[in-house]
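One structure is given here, and the rest of the page talks about it.
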Amino acid sequence: MNIRVGTAIFVIYMGVVAAIVLGGPVLQFVDFYSMVFVVGVTAGGALLSFPMSVIRGAFGDWVGGSRNRFKPIQSSPALSAEQAQQADHVFRHIGRIAVASGLLGTVVGLVQMLQNMEDPSAIGPAMSVALLTLFYGLLLGGILFRSMATDCLARGGLT
């Protein structure tokens, strides 16, 4: 990972944290089960969509720019057009799966919430979990994986 990517991740993280802190405690936006749901469904969908070697190759291309692990990593390694297109395809697809997993988690949470309508104290926490899965899915798919795809295209000279 080069300086530009590290700086971008830091800026995004600080922007999200700042927005959360302005609205209340940060821990309100942390739900272990929602995270496990989104990451698990995303990983499962990725493994159903691509062989592990293709996923590993895309991550290797994004991190080091080469599928040869013995080659030294440059600060911003270039990718071949074929590698860039393959990594873009993989990351965009995984990004769509992550957003869909967030939506799926929201539906599951809403169903659980509607099953407990007679208990008003259970509605708020259930709704919170439902919306947090969508939040995590959007962060993972909409920001992380799509940015990784675009970065690979740029390093392949295709943007």
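Residue numbering restarts at 1 in every chain; chains get A, B, ... in the order shown in the structure tokens, and ligands count up from 1 in that same order.
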
Please provide as a list of chain:residue names all residues within 9 Å of range 28-41 of chain A, with the sequence filter that same-chain residues fewer than 6 positions apart are discarded (counting only C-alpha atoms).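 Counting only the stated atoms, we get A:Ile20, A:Ile97, A:Ala98, A:Val99, A:Ala100, A:Ser101, A:Gly102, A:Leu104, A:Gly105, A:Ser128, A:Val129, A:Ala130, A:Leu132, A:Thr133, A:Leu134, A:Phe135, A:Tyr136, A:Gly137, A:Leu140.
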
Selection from above, N, CA, C and O atoms, as an mmCIF file, in the first residue's frame, can you write it?
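selection_31.cif, written as the output of this step:
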data_model
loop_
_atom_site.group_PDB
_atom_site.id
_atom_site.type_symbol
_atom_site.label_atom_id
_atom_site.label_comp_id
_atom_site.auth_asym_id
_atom_site.auth_seq_id
_atom_site.Cartn_x
_atom_site.Cartn_y
_atom_site.Cartn_z
ATOM 1 N N ILE A 20 -19.728 10.825 12.861
ATOM 2 C CA ILE A 20 -20.327 10.026 13.933
ATOM 3 C C ILE A 20 -20.198 10.747 15.263
ATOM 4 O O ILE A 20 -21.159 10.838 16.035
ATOM 5 N N ILE A 97 -21.639 -7.078 -4.137
ATOM 6 C CA ILE A 97 -22.058 -8.089 -3.153
ATOM 7 C C ILE A 97 -22.110 -7.468 -1.758
ATOM 8 O O ILE A 97 -23.036 -7.726 -0.985
ATOM 9 N N ALA A 98 -21.132 -6.631 -1.415
ATOM 10 C CA ALA A 98 -21.099 -6.001 -0.090
ATOM 11 C C ALA A 98 -22.306 -5.093 0.117
ATOM 12 O O ALA A 98 -22.947 -5.125 1.180
ATOM 13 N N VAL A 99 -22.646 -4.293 -0.887
ATOM 14 C CA VAL A 99 -23.818 -3.423 -0.768
ATOM 15 C C VAL A 99 -25.086 -4.273 -0.656
ATOM 16 O O VAL A 99 -25.967 -3.992 0.173
ATOM 17 N N ALA A 100 -25.175 -5.330 -1.462
ATOM 18 C CA ALA A 100 -26.345 -6.216 -1.382
ATOM 19 C C ALA A 100 -26.426 -6.901 -0.022
ATOM 20 O O ALA A 100 -27.525 -7.096 0.519
ATOM 21 N N SER A 101 -25.290 -7.260 0.553
ATOM 22 C CA SER A 101 -25.316 -7.892 1.876
ATOM 23 C C SER A 101 -25.793 -6.903 2.933
ATOM 24 O O SER A 101 -26.490 -7.282 3.881
ATOM 25 N N GLY A 102 -25.453 -5.629 2.782
ATOM 26 C CA GLY A 102 -25.965 -4.604 3.679
ATOM 27 C C GLY A 102 -27.476 -4.473 3.569
ATOM 28 O O GLY A 102 -28.184 -4.356 4.568
ATOM 29 N N LEU A 104 -29.504 -6.837 2.485
ATOM 30 C CA LEU A 104 -30.058 -8.077 3.022
ATOM 31 C C LEU A 104 -30.107 -8.030 4.543
ATOM 32 O O LEU A 104 -31.110 -8.418 5.158
ATOM 33 N N GLY A 105 -29.051 -7.544 5.162
ATOM 34 C CA GLY A 105 -29.034 -7.408 6.616
ATOM 35 C C GLY A 105 -30.089 -6.439 7.117
ATOM 36 O O GLY A 105 -30.688 -6.629 8.176
ATOM 37 N N SER A 128 -31.730 -0.075 14.769
ATOM 38 C CA SER A 128 -30.324 0.320 14.741
ATOM 39 C C SER A 128 -29.475 -0.752 14.068
ATOM 40 O O SER A 128 -28.644 -0.448 13.205
ATOM 41 N N VAL A 129 -29.679 -2.003 14.435
ATOM 42 C CA VAL A 129 -28.929 -3.108 13.824
ATOM 43 C C VAL A 129 -29.255 -3.192 12.336
ATOM 44 O O VAL A 129 -28.367 -3.389 11.496
ATOM 45 N N ALA A 130 -30.521 -3.008 11.983
ATOM 46 C CA ALA A 130 -30.916 -3.071 10.576
ATOM 47 C C ALA A 130 -30.193 -2.002 9.754
ATOM 48 O O ALA A 130 -29.696 -2.275 8.662
ATOM 49 N N LEU A 132 -27.390 -0.398 10.629
ATOM 50 C CA LEU A 132 -25.929 -0.551 10.675
ATOM 51 C C LEU A 132 -25.425 -1.545 9.632
ATOM 52 O O LEU A 132 -24.339 -1.363 9.089
ATOM 53 N N THR A 133 -26.202 -2.583 9.332
ATOM 54 C CA THR A 133 -25.754 -3.506 8.285
ATOM 55 C C THR A 133 -25.682 -2.789 6.945
ATOM 56 O O THR A 133 -24.753 -3.009 6.169
ATOM 57 N N LEU A 134 -26.645 -1.920 6.686
ATOM 58 C CA LEU A 134 -26.601 -1.133 5.452
ATOM 59 C C LEU A 134 -25.397 -0.196 5.453
ATOM 60 O O LEU A 134 -24.687 -0.060 4.452
ATOM 61 N N PHE A 135 -25.140 0.439 6.589
ATOM 62 C CA PHE A 135 -23.987 1.326 6.749
ATOM 63 C C PHE A 135 -22.680 0.587 6.449
ATOM 64 O O PHE A 135 -21.851 1.058 5.665
ATOM 65 N N TYR A 136 -22.501 -0.588 7.039
ATOM 66 C CA TYR A 136 -21.284 -1.363 6.816
ATOM 67 C C TYR A 136 -21.178 -1.831 5.363
ATOM 68 O O TYR A 136 -20.098 -1.829 4.775
ATOM 69 N N GLY A 137 -22.293 -2.244 4.781
ATOM 70 C CA GLY A 137 -22.277 -2.673 3.382
ATOM 71 C C GLY A 137 -21.888 -1.555 2.439
ATOM 72 O O GLY A 137 -21.128 -1.757 1.497
ATOM 73 N N LEU A 140 -18.103 -0.771 2.958
ATOM 74 C CA LEU A 140 -17.260 -1.817 2.390
ATOM 75 C C LEU A 140 -17.336 -1.834 0.866
ATOM 76 O O LEU A 140 -16.311 -1.820 0.182
#

Would you kindly return, as a tab-separated table (two decimals) with all heavy atoms, in the first residue's frame, each protein, DNA or RNA residue with an atom no farther than 8 Å from any atom of range 151-154 of chain A, considering only C-alpha atoms and excluding same-chain residues fewer than 2 positions away?
chain	number	residue	atom	x	y	z
A	61	ASP	N	-2.56	-7.97	-6.77
A	61	ASP	CA	-2.33	-6.89	-7.72
A	61	ASP	C	-2.56	-5.54	-7.07
A	61	ASP	O	-1.81	-4.59	-7.32
A	61	ASP	CB	-3.26	-7.03	-8.93
A	61	ASP	CG	-2.89	-8.19	-9.82
A	61	ASP	OD1	-1.74	-8.68	-9.71
A	61	ASP	OD2	-3.74	-8.62	-10.62
A	62	TRP	N	-3.59	-5.43	-6.23
A	62	TRP	CA	-3.87	-4.15	-5.58
A	62	TRP	C	-2.78	-3.79	-4.58
A	62	TRP	O	-2.32	-2.66	-4.53
A	62	TRP	CB	-5.23	-4.19	-4.89
A	62	TRP	CG	-5.55	-2.89	-4.23
A	62	TRP	CD1	-5.84	-1.71	-4.86
A	62	TRP	CD2	-5.58	-2.61	-2.84
A	62	TRP	NE1	-6.06	-0.72	-3.94
A	62	TRP	CE2	-5.91	-1.25	-2.68
A	62	TRP	CE3	-5.38	-3.38	-1.70
A	62	TRP	CZ2	-6.03	-0.66	-1.43
A	62	TRP	CZ3	-5.50	-2.79	-0.47
A	62	TRP	CH2	-5.82	-1.43	-0.34
A	79	LEU	N	0.37	-1.92	-13.34
A	79	LEU	CA	-0.23	-3.21	-13.66
A	79	LEU	C	-0.37	-3.32	-15.16
A	79	LEU	O	-0.51	-2.31	-15.85
A	79	LEU	CB	-1.62	-3.34	-13.02
A	79	LEU	CG	-1.70	-3.30	-11.51
A	79	LEU	CD1	-3.16	-3.28	-11.06
A	79	LEU	CD2	-1.00	-4.51	-10.91
A	81	ALA	N	-2.55	-4.15	-18.50
A	81	ALA	CA	-3.96	-3.86	-18.79
A	81	ALA	C	-4.84	-5.04	-18.41
A	81	ALA	O	-5.93	-4.88	-17.86
A	81	ALA	CB	-4.13	-3.50	-20.25
A	84	ALA	N	-5.16	-5.23	-14.59
A	84	ALA	CA	-6.00	-4.12	-14.12
A	84	ALA	C	-7.47	-4.40	-14.39
A	84	ALA	O	-8.32	-4.18	-13.52
A	84	ALA	CB	-5.58	-2.81	-14.78
A	85	GLN	N	-7.79	-4.91	-15.57
A	85	GLN	CA	-9.18	-5.21	-15.90
A	85	GLN	C	-9.72	-6.35	-15.04
A	85	GLN	O	-10.86	-6.30	-14.58
A	85	GLN	CB	-9.32	-5.55	-17.38
A	85	GLN	CG	-9.19	-4.34	-18.28
A	85	GLN	CD	-9.22	-4.72	-19.75
A	85	GLN	OE1	-8.87	-5.84	-20.13
A	85	GLN	NE2	-9.60	-3.77	-20.59
A	87	ALA	N	-8.66	-7.26	-11.98
A	87	ALA	CA	-8.82	-6.79	-10.60
A	87	ALA	C	-10.03	-5.85	-10.51
A	87	ALA	O	-10.80	-5.93	-9.54
A	87	ALA	CB	-7.55	-6.07	-10.14
A	88	ASP	N	-10.22	-5.00	-11.50
A	88	ASP	CA	-11.38	-4.11	-11.52
A	88	ASP	C	-12.67	-4.92	-11.50
A	88	ASP	O	-13.59	-4.63	-10.74
A	88	ASP	CB	-11.33	-3.21	-12.76
A	88	ASP	CG	-12.60	-2.40	-12.95
A	88	ASP	OD1	-12.86	-1.51	-12.11
A	88	ASP	OD2	-13.33	-2.66	-13.93
A	147	SER	N	-13.17	1.78	-4.72
A	147	SER	CA	-11.92	2.55	-4.77
A	147	SER	C	-10.75	1.66	-5.15
A	147	SER	O	-9.86	2.08	-5.90
A	147	SER	CB	-11.65	3.20	-3.41
A	147	SER	OG	-12.66	4.13	-3.10
A	148	MET	N	-10.74	0.44	-4.65
A	148	MET	CA	-9.69	-0.50	-5.01
A	148	MET	C	-9.74	-0.80	-6.51
A	148	MET	O	-8.70	-0.87	-7.17
A	148	MET	CB	-9.82	-1.78	-4.19
A	148	MET	CG	-9.52	-1.59	-2.71
A	148	MET	SD	-10.04	-2.97	-1.67
A	148	MET	CE	-8.87	-4.23	-2.14
A	149	ALA	N	-10.94	-0.96	-7.04
A	149	ALA	CA	-11.10	-1.23	-8.47
A	149	ALA	C	-10.58	-0.07	-9.31
A	149	ALA	O	-9.83	-0.27	-10.28
A	149	ALA	CB	-12.58	-1.50	-8.79
A	156	GLY	N	-3.13	0.49	-14.18
A	156	GLY	CA	-3.01	-0.21	-15.46
A	156	GLY	C	-3.09	0.74	-16.64
A	156	GLY	O	-3.06	0.31	-17.79
A	157	GLY	N	-3.25	2.05	-16.37
A	157	GLY	CA	-3.32	3.05	-17.42
A	157	GLY	C	-4.63	3.02	-18.18
A	157	GLY	O	-4.69	3.44	-19.34
A	158	LEU	N	-5.70	2.57	-17.55
A	158	LEU	CA	-6.99	2.43	-18.24
A	158	LEU	C	-8.02	3.47	-17.85
A	158	LEU	O	-9.18	3.37	-18.23
A	158	LEU	CB	-7.57	1.02	-17.97
A	158	LEU	CG	-6.68	-0.12	-18.44
A	158	LEU	CD1	-7.25	-1.45	-17.98
A	158	LEU	CD2	-6.54	-0.09	-19.95
A	159	THR	N	-7.62	4.49	-17.08
A	159	THR	CA	-8.59	5.54	-16.72
A	159	THR	C	-8.28	6.82	-17.42
A	159	THR	O	-7.25	7.05	-17.96
A	159	THR	CB	-8.59	5.81	-15.20
A	159	THR	OG1	-7.29	6.17	-14.78
A	159	THR	CG2	-9.11	4.62	-14.47

As a PyMOL selection string, which residues of chain A does DSSP assign to alpha helix (DSSP H)? chain A and resi 3-23+32-49+52-64+81-115+120-137+146-155

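Note that CA of Ile94 in chain A and CA of Gly141 in chain A are 7.0 Å apart.
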
Using Å and a single decimal, report how far CA of Arg92 in chain A sits from CA of Phe145 in chain A.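 Distance reported for this atom pair: 6.4 Å.
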